[in-house]
Amino acid sequence: MKLDAARVDGFLKNPSTAIVLIHGPDAGLVAERGLALVRGVPGAAADPFRFAELQNPDAATLLSEATAASLTGGRRVVRVRDAGEALAKPLETLLKTPPDSLVILEAGDLTPKSKLRALAEKHAGAASIACYAIDSGRLPKIFADRLRGQGIALDTDAAAWLGGNVAGEEGPVRQAVEFLALYAGETRRLSLEDVRAALPDGGDTSMQEAVDATLTGNLAGTDRALSLAYDEGVSPVGIIRVLLGELMRLRVAAASGLPAAEAVAAMRPQVFFKRTAIVTRALSLWSPAGLAGAISAALTAEAACKTTAIPDQAYCRQFMLNLASRARAAGRN
């Protein structure tokens, strides 16, 4: 069956078919929805006996994994990346005898002539979800609505700028919202000047790279990304503000007591899927006490950059490199 946009969110939370085809030109949204389905089966992703991830497998491999029994109890999940037309035949077989497993097929942009797409759209035992880029005319409202949902007001001219400078795919949009929410900090309002400073090139900035490198102990990456961020006109205060937001999110995740991967999966708003490995690594390196100390140091650094006559770029660089050294030392222990 073919799902329209209004039914997708509800279906992802409670899929009514054992086979789901997710396809379209928005690769980020395809992956996000596939991951949402995986996470909807509690415990499956963490159990190698209940989860299999395949890269465009042959017919025999797909059928074997899809029909395998769960050895440890609970439902199995089979996630297929880059599903191609060659899987149409095994899909026909699975539709005749639906498996107990949840089978997720993630594909690129399939034309209406695609047999794989036709099977999923026409059969009641499968669901087909299309993933297309967001129309540019809708982007300003989408940014405003999503940030409002996090308690952040977005000025009208700032929303218009975002609509014209951020790609309309779900991945860049979600990442930009996550980044802007961190940048807003306690001010809870974003002006045109704010969004231009935070996302000078439409969201693909070096600021997040600098923060990620710092929190994962990559000194060379921190230094390089900071130089690029400064060249882009990003202020040290803006960088430290984003770092603070990341540290605070990590502190909440650390307080959950869950293993790093599970704690990151439970973070709200969800971590953009391309950053999941980075955030998981950072969380594994920083103890709750270490995060508390880093937050205190970051608050001091922000105040220093705002209120003193010190060279703020050099000060921020030294502060970030010191934090990166702490993370690297933790990784060696």
# chains A, B, ... in the order shown; residues from 1 in each chain; ligands from 1

$ residues_around --residues "range 65-75 of chain A" --least-positions-apart "5" --cutoff "6 Å" --atoms "only C-alpha atoms" --output "list in words"
Arg50, Pro99 and Ser101 of chain A

$ closest_atom_pairs --of "range 163-207 of chain A" --to "range 21-29 of chain A" --cutoff "12 Å" --atoms "only C-alpha atoms" --output "CSV"
residue,atom,partner,partner_atom,distance
A:Ala167,CA,A:Asp26,CA,10.6
A:Gly168,CA,A:Asp26,CA,9.0
A:Glu169,CA,A:Asp26,CA,5.8
A:Glu170,CA,A:Leu29,CA,5.3
A:Gly171,CA,A:Gly28,CA,4.8
A:Pro172,CA,A:Gly28,CA,8.1
A:Val173,CA,A:Gly28,CA,10.0
A:Arg174,CA,A:Leu29,CA,9.6
A:Gln175,CA,A:Gly28,CA,10.5

$ select_by_dssp --residues "range 67-302 of chain A" --states "strand (DSSP E or B)" --output "list in words"
Val77, Val78, Arg79, Val80, Arg81, Leu102, Val103, Ile104, Leu105, Glu106, Ala126, Ala127, Ser128, Ile129, Ala130, Ala153, Leu154, Arg189 and Leu190 of chain A

$ closest_residue --among "A:Thr222, A:Ser206, A:Thr61, A:Thr111" --to "Arg328 in chain A" --atoms "only C-alpha atoms"
A:Thr222

$ closest_residue --among "A:Leu192, A:Gly84, A:Leu63, A:Trp286" --to "Arg326 in chain A" --atoms "only C-alpha atoms"
A:Trp286

$ atom_distance --atom1 "CA of Arg275 in chain A" --atom2 "CA of Ala213 in chain A"
11.7 Å

$ closest_residue --among "A:Arg33, A:Arg76, A:Arg249, A:Arg148" --to "Val264 in chain A" --atoms "only C-alpha atoms"
A:Arg249

$ select_by_dssp --residues "range 62-285 of chain A" --states "alpha helix (DSSP H)" --output "number ranges by chain"
A: 62-67, 88-96, 115-122, 139-148, 156-165, 170-184, 192-198, 207-215, 219-231, 236-255, 260-265, 276-285

$ closest_residue --among "A:Gln313, A:Ala261, A:His123, A:Ala292" --to "Val234 in chain A" --atoms "only C-alpha atoms"
A:Gln313

$ residues_around --residues "Ala282 in chain A" --least-positions-apart "4" --cutoff "12 Å" --atoms "only C-alpha atoms" --output "VMD selection string"
chain A and resid 211 to 218 246 to 247 249 to 251 253 to 254 260 to 261 263 to 264 275 to 278 286 to 288 290 to 291 323 to 324 326 to 328 330 to 331

$ residues_around --residues "Leu95 in chain A" --least-positions-apart "5" --cutoff "9 Å" --atoms "only C-alpha atoms" --output "list of chain:residue names"
A:Ile19, A:Pro90, A:Leu119, A:His123, A:Ala124, A:Gly125, A:Ala126

$ closest_residue --among "A:Leu219, A:Leu190, A:Phe273, A:Pro42" --to "Ala329 in chain A" --atoms "only C-alpha atoms"
A:Leu219

$ closest_residue --among "A:Leu54, A:Ile104, A:Ile134, A:Leu94" --to "Leu35 in chain A" --atoms "only C-alpha atoms"
A:Ile104
